[in-house]
Amino acid sequence: IGVTYETIEKRLFTNAVRAVGMVANDKRRHWDYVTRVDGYVKKLFVFSRGELVEKDAPLLTIYSPDLLTTQTEFADLIKARNEARDKGSKIVFESTERLVESAKQRLRLWNISDEQIAELEKSGKPQETLTLYSPFKGVVQDIGVDQGRRVMAGDHLVDIADLSVVWVWAQFYQDELPMLKTGLPIVVTTSSYLGEKFNGKISVIDPFINDALRTGRVRIDVANADFKLRPDMYVD
């Protein structure tokens, strides 16, 4: 009757669940540059989607008459502050110092970095153009301007995406969701790289169910140092 015997022992119980997922870029590692001043795109350093850029690499330069005027006013305020300090005029020094801080804040709101402001304060020479730099090592996702084009405040310039870590949104059936929890390790594979495994962990479990598919979405954070997993790629 097929009876078999075996010694009782403890074993690890495992239950494999397979689901389909789609790769998406990490929203926390995405930067969308929007111009904050009216001006003209003088020079582009990146020209097409997919170009790899290093951290702090220049992306483009913008010429803005308003920005040049503000920088000139800032340089004049620095000069007046230093003269008041040298003459020992405390009241004038404190007044100009407040104006200098207000001018610095205005420059920061226009995407000018603290390093650029410090250089302007040191040299006293306004820069004719504003240079925007990549905040991290990443890939150009989109370019919305050309060289020489006029831009206005709010216009889209360039998108940079850091793909060293990506999100995988997977669909699990409602009966499988109770087995999932935040921090659970997940193995991701794709037909593009047969035999290769990418390790990730569950970071978000969507509390809402898709009423048509009866599935819930789960977000998995996956390391992607070689940029092999690409946004919109299907994975298992």
# chains A, B, ... in the order shown; residues from 1 in each chain; ligands from 1
$ closest_atom_pairs --of "region 118-149 of chain A" --to "region 66-86 of chain A" --cutoff "10 Å" --atoms "only C-alpha atoms" --output "tab-separated table"
residue	atom	partner	partner_atom	distance
A:Leu120	CA	A:Ala75	CA	7.3
A:Glu121	CA	A:Ala75	CA	6.7
A:Lys122	CA	A:Ile78	CA	9.0
A:Ser123	CA	A:Ala75	CA	8.6
A:Gly124	CA	A:Ala75	CA	5.1
A:Lys125	CA	A:Ala75	CA	7.0
A:Pro126	CA	A:Gln71	CA	5.4
A:Gln127	CA	A:Leu68	CA	7.0
A:Glu128	CA	A:Leu68	CA	6.2
A:Thr129	CA	A:Leu68	CA	7.7
A:Leu130	CA	A:Leu67	CA	8.1
$ residues_around --residues "Val158 (chain A)" --least-positions-apart "2" --cutoff "6 Å" --atoms "only C-alpha atoms" --output "mmCIF file with N, CA, C and O atoms, in the first residue's frame"
data_model
loop_
_atom_site.group_PDB
_atom_site.id
_atom_site.type_symbol
_atom_site.label_atom_id
_atom_site.label_comp_id
_atom_site.auth_asym_id
_atom_site.auth_seq_id
_atom_site.Cartn_x
_atom_site.Cartn_y
_atom_site.Cartn_z
ATOM 1 N N TYR A 33 14.974 68.587 -13.660
ATOM 2 C CA TYR A 33 15.354 69.999 -13.631
ATOM 3 C C TYR A 33 14.308 70.825 -14.369
ATOM 4 O O TYR A 33 13.986 70.562 -15.526
ATOM 5 N N ASP A 142 15.418 62.176 -20.126
ATOM 6 C CA ASP A 142 14.704 63.000 -21.106
ATOM 7 C C ASP A 142 15.372 64.368 -21.186
ATOM 8 O O ASP A 142 15.913 64.868 -20.195
ATOM 9 N N ILE A 143 15.366 64.965 -22.373
ATOM 10 C CA ILE A 143 15.854 66.333 -22.579
ATOM 11 C C ILE A 143 14.753 67.120 -23.260
ATOM 12 O O ILE A 143 14.286 66.730 -24.334
ATOM 13 N N GLY A 144 14.345 68.210 -22.650
ATOM 14 C CA GLY A 144 13.213 68.964 -23.167
ATOM 15 C C GLY A 144 13.576 70.240 -23.891
ATOM 16 O O GLY A 144 12.682 71.007 -24.268
#
$ residues_around --residues "Asn199 (chain A)" --least-positions-apart "2" --cutoff "10 Å" --atoms "only C-alpha atoms" --output "ChimeraX atom specification"
/A:185-189,197,201,220-224
$ write_last_selection --atoms "C-alpha atoms" --output "compact mmCIF listing (two decimals), in the first residue's frame"
# COMPACT_ATOMS: atom_id res chain seq x y z
CA PRO A 185 13.84 38.78 0.59
CA ILE A 186 12.79 38.32 -3.04
CA VAL A 187 14.67 36.80 -5.99
CA VAL A 188 14.15 38.50 -9.35
CA THR A 189 14.98 36.91 -12.71
CA LYS A 197 19.48 36.34 -10.17
CA LYS A 201 13.53 43.06 -0.47
CA ILE A 220 10.57 45.44 -4.27
CA ASP A 221 13.83 47.40 -4.01
CA VAL A 222 16.56 45.75 -6.09
CA ALA A 223 20.25 46.67 -6.37
CA ASN A 224 21.18 47.31 -10.02
$ select_by_dssp --residues "region 145-202 of chain A" --states "strand (DSSP E or B)" --output "PyMOL selection string"
chain A and resi 150-151+156-161+165-173+185-188+198-202
$ residues_around --residues "Arg219 (chain A)" --least-positions-apart "6" --cutoff "9 Å" --atoms "only C-alpha atoms" --output "ChimeraX atom specification"
/A:167-170,201-206
$ write_last_selection --atoms "C-alpha atoms" --output "mmCIF file, in the first residue's frame"
data_model
loop_
_atom_site.group_PDB
_atom_site.id
_atom_site.type_symbol
_atom_site.label_atom_id
_atom_site.label_comp_id
_atom_site.auth_asym_id
_atom_site.auth_seq_id
_atom_site.Cartn_x
_atom_site.Cartn_y
_atom_site.Cartn_z
ATOM 1 C CA TRP A 167 11.892 49.369 -8.015
ATOM 2 C CA VAL A 168 10.078 46.239 -9.168
ATOM 3 C CA TRP A 169 6.299 46.425 -8.908
ATOM 4 C CA ALA A 170 4.934 42.879 -8.705
ATOM 5 C CA LYS A 201 13.527 43.055 -0.474
ATOM 6 C CA ILE A 202 9.902 44.051 -0.145
ATOM 7 C CA SER A 203 9.657 47.692 0.871
ATOM 8 C CA VAL A 204 5.967 48.516 0.291
ATOM 9 C CA ILE A 205 2.810 46.402 0.193
ATOM 10 C CA ASP A 206 -0.017 48.306 -1.472
#
$ closest_residue --among "A:Ile8, A:Val92, A:Val100, A:Met152" --to "Tyr63 (chain A)" --atoms "only C-alpha atoms"
A:Met152
$ select_by_dssp --residues "region 62-117 of chain A" --states "alpha helix (DSSP H)" --output "PyMOL selection string"
chain A and resi 65-87+90-109+114-117
$ atom_distance --atom1 "CA of Ala24 (chain A)" --atom2 "CA of Arg36 (chain A)"
27.8 Å
$ atom_distance --atom1 "CA of Lys55 (chain A)" --atom2 "CA of Asn111 (chain A)"
16.2 Å
$ closest_residue --among "A:Ser89, A:Asn25, A:Thr35, A:Ser134" --to "Phe227 (chain A)" --atoms "only C-alpha atoms"
A:Asn25
$ closest_residue --among "A:Lys10, A:Arg49, A:Arg28, A:Lys42" --to "Arg149 (chain A)" --atoms "only C-alpha atoms"
A:Lys42
$ decode --residues "region 180-193 of chain A" --atoms "all heavy atoms" --output "PDB file, in the first residue's frame"
ATOM      1  N   LEU A 180       3.178  37.637   2.627  1.00  0.00           N
ATOM      2  CA  LEU A 180       4.191  38.655   2.358  1.00  0.00           C
ATOM      3  C   LEU A 180       4.270  39.650   3.503  1.00  0.00           C
ATOM      4  O   LEU A 180       3.287  39.936   4.170  1.00  0.00           O
ATOM      5  CB  LEU A 180       3.859  39.389   1.060  1.00  0.00           C
ATOM      6  CG  LEU A 180       3.631  38.516  -0.183  1.00  0.00           C
ATOM      7  CD1 LEU A 180       3.280  39.386  -1.374  1.00  0.00           C
ATOM      8  CD2 LEU A 180       4.851  37.667  -0.472  1.00  0.00           C
ATOM      9  N   LYS A 181       5.454  40.173   3.703  1.00  0.00           N
ATOM     10  CA  LYS A 181       5.671  41.203   4.719  1.00  0.00           C
ATOM     11  C   LYS A 181       6.856  42.073   4.305  1.00  0.00           C
ATOM     12  O   LYS A 181       7.707  41.664   3.516  1.00  0.00           O
ATOM     13  CB  LYS A 181       5.919  40.580   6.090  1.00  0.00           C
ATOM     14  CG  LYS A 181       7.169  39.715   6.166  1.00  0.00           C
ATOM     15  CD  LYS A 181       7.347  39.138   7.554  1.00  0.00           C
ATOM     16  CE  LYS A 181       8.627  38.278   7.639  1.00  0.00           C
ATOM     17  NZ  LYS A 181       8.816  37.717   8.991  1.00  0.00           N
ATOM     18  N   THR A 182       6.906  43.260   4.855  1.00  0.00           N
ATOM     19  CA  THR A 182       7.990  44.191   4.547  1.00  0.00           C
ATOM     20  C   THR A 182       9.333  43.608   5.010  1.00  0.00           C
ATOM     21  O   THR A 182       9.435  43.072   6.114  1.00  0.00           O
ATOM     22  CB  THR A 182       7.747  45.545   5.237  1.00  0.00           C
ATOM     23  OG1 THR A 182       6.479  46.065   4.816  1.00  0.00           O
ATOM     24  CG2 THR A 182       8.831  46.543   4.886  1.00  0.00           C
ATOM     25  N   GLY A 183      10.328  43.713   4.150  1.00  0.00           N
ATOM     26  CA  GLY A 183      11.648  43.188   4.469  1.00  0.00           C
ATOM     27  C   GLY A 183      11.897  41.777   4.003  1.00  0.00           C
ATOM     28  O   GLY A 183      13.021  41.267   4.108  1.00  0.00           O
ATOM     29  N   LEU A 184      10.858  41.120   3.466  1.00  0.00           N
ATOM     30  CA  LEU A 184      11.010  39.742   2.996  1.00  0.00           C
ATOM     31  C   LEU A 184      11.917  39.714   1.759  1.00  0.00           C
ATOM     32  O   LEU A 184      11.715  40.472   0.822  1.00  0.00           O
ATOM     33  CB  LEU A 184       9.640  39.171   2.643  1.00  0.00           C
ATOM     34  CG  LEU A 184       9.556  37.662   2.373  1.00  0.00           C
ATOM     35  CD1 LEU A 184       9.774  36.878   3.661  1.00  0.00           C
ATOM     36  CD2 LEU A 184       8.211  37.303   1.768  1.00  0.00           C
ATOM     37  N   PRO A 185      12.942  38.842   1.760  1.00  0.00           N
ATOM     38  CA  PRO A 185      13.836  38.776   0.593  1.00  0.00           C
ATOM     39  C   PRO A 185      13.125  38.184  -0.617  1.00  0.00           C
ATOM     40  O   PRO A 185      12.340  37.243  -0.501  1.00  0.00           O
ATOM     41  CB  PRO A 185      14.985  37.888   1.065  1.00  0.00           C
ATOM     42  CG  PRO A 185      14.405  37.071   2.179  1.00  0.00           C
ATOM     43  CD  PRO A 185      13.382  37.936   2.844  1.00  0.00           C
ATOM     44  N   ILE A 186      13.407  38.725  -1.782  1.00  0.00           N
ATOM     45  CA  ILE A 186      12.789  38.322  -3.038  1.00  0.00           C
ATOM     46  C   ILE A 186      13.892  38.090  -4.076  1.00  0.00           C
ATOM     47  O   ILE A 186      14.869  38.847  -4.134  1.00  0.00           O
ATOM     48  CB  ILE A 186      11.823  39.393  -3.558  1.00  0.00           C
ATOM     49  CG1 ILE A 186      10.704  39.662  -2.549  1.00  0.00           C
ATOM     50  CG2 ILE A 186      11.237  39.003  -4.906  1.00  0.00           C
ATOM     51  CD1 ILE A 186       9.704  38.555  -2.406  1.00  0.00           C
ATOM     52  N   VAL A 187      13.744  37.067  -4.894  1.00  0.00           N
ATOM     53  CA  VAL A 187      14.670  36.804  -5.985  1.00  0.00           C
ATOM     54  C   VAL A 187      13.996  37.196  -7.295  1.00  0.00           C
ATOM     55  O   VAL A 187      12.874  36.762  -7.578  1.00  0.00           O
ATOM     56  CB  VAL A 187      15.092  35.319  -6.026  1.00  0.00           C
ATOM     57  CG1 VAL A 187      15.992  35.063  -7.240  1.00  0.00           C
ATOM     58  CG2 VAL A 187      15.819  34.937  -4.741  1.00  0.00           C
ATOM     59  N   VAL A 188      14.685  38.015  -8.085  1.00  0.00           N
ATOM     60  CA  VAL A 188      14.148  38.502  -9.352  1.00  0.00           C
ATOM     61  C   VAL A 188      14.979  37.921 -10.496  1.00  0.00           C
ATOM     62  O   VAL A 188      16.215  37.945 -10.447  1.00  0.00           O
ATOM     63  CB  VAL A 188      14.190  40.049  -9.408  1.00  0.00           C
ATOM     64  CG1 VAL A 188      13.698  40.553 -10.755  1.00  0.00           C
ATOM     65  CG2 VAL A 188      13.344  40.636  -8.292  1.00  0.00           C
ATOM     66  N   THR A 189      14.303  37.404 -11.510  1.00  0.00           N
ATOM     67  CA  THR A 189      14.976  36.907 -12.712  1.00  0.00           C
ATOM     68  C   THR A 189      14.311  37.511 -13.934  1.00  0.00           C
ATOM     69  O   THR A 189      13.181  38.011 -13.868  1.00  0.00           O
ATOM     70  CB  THR A 189      14.915  35.376 -12.808  1.00  0.00           C
ATOM     71  OG1 THR A 189      13.536  34.964 -12.873  1.00  0.00           O
ATOM     72  CG2 THR A 189      15.582  34.714 -11.605  1.00  0.00           C
ATOM     73  N   THR A 190      15.019  37.465 -15.058  1.00  0.00           N
ATOM     74  CA  THR A 190      14.479  37.988 -16.300  1.00  0.00           C
ATOM     75  C   THR A 190      14.996  37.162 -17.465  1.00  0.00           C
ATOM     76  O   THR A 190      16.116  36.629 -17.420  1.00  0.00           O
ATOM     77  CB  THR A 190      14.864  39.468 -16.504  1.00  0.00           C
ATOM     78  OG1 THR A 190      14.464  39.894 -17.810  1.00  0.00           O
ATOM     79  CG2 THR A 190      16.359  39.685 -16.354  1.00  0.00           C
ATOM     80  N   SER A 191      14.173  37.049 -18.500  1.00  0.00           N
ATOM     81  CA  SER A 191      14.575  36.289 -19.684  1.00  0.00           C
ATOM     82  C   SER A 191      15.728  36.955 -20.425  1.00  0.00           C
ATOM     83  O   SER A 191      16.379  36.331 -21.260  1.00  0.00           O
ATOM     84  CB  SER A 191      13.368  36.123 -20.627  1.00  0.00           C
ATOM     85  OG  SER A 191      12.861  37.395 -21.011  1.00  0.00           O
ATOM     86  N   SER A 192      16.000  38.226 -20.129  1.00  0.00           N
ATOM     87  CA  SER A 192      17.096  38.922 -20.790  1.00  0.00           C
ATOM     88  C   SER A 192      18.456  38.423 -20.315  1.00  0.00           C
ATOM     89  O   SER A 192      19.450  38.506 -21.046  1.00  0.00           O
ATOM     90  CB  SER A 192      16.993  40.427 -20.545  1.00  0.00           C
ATOM     91  OG  SER A 192      15.775  40.940 -21.035  1.00  0.00           O
ATOM     92  N   TYR A 193      18.520  37.922 -19.080  1.00  0.00           N
ATOM     93  CA  TYR A 193      19.772  37.420 -18.501  1.00  0.00           C
ATOM     94  C   TYR A 193      19.495  36.058 -17.880  1.00  0.00           C
ATOM     95  O   TYR A 193      19.259  35.944 -16.669  1.00  0.00           O
ATOM     96  CB  TYR A 193      20.315  38.400 -17.455  1.00  0.00           C
ATOM     97  CG  TYR A 193      20.541  39.798 -17.999  1.00  0.00           C
ATOM     98  CD1 TYR A 193      19.603  40.803 -17.773  1.00  0.00           C
ATOM     99  CD2 TYR A 193      21.660  40.106 -18.762  1.00  0.00           C
ATOM    100  CE1 TYR A 193      19.792  42.081 -18.280  1.00  0.00           C
ATOM    101  CE2 TYR A 193      21.861  41.382 -19.270  1.00  0.00           C
ATOM    102  CZ  TYR A 193      20.927  42.365 -19.026  1.00  0.00           C
ATOM    103  OH  TYR A 193      21.117  43.618 -19.529  1.00  0.00           O
TER     104      TYR A 193
END
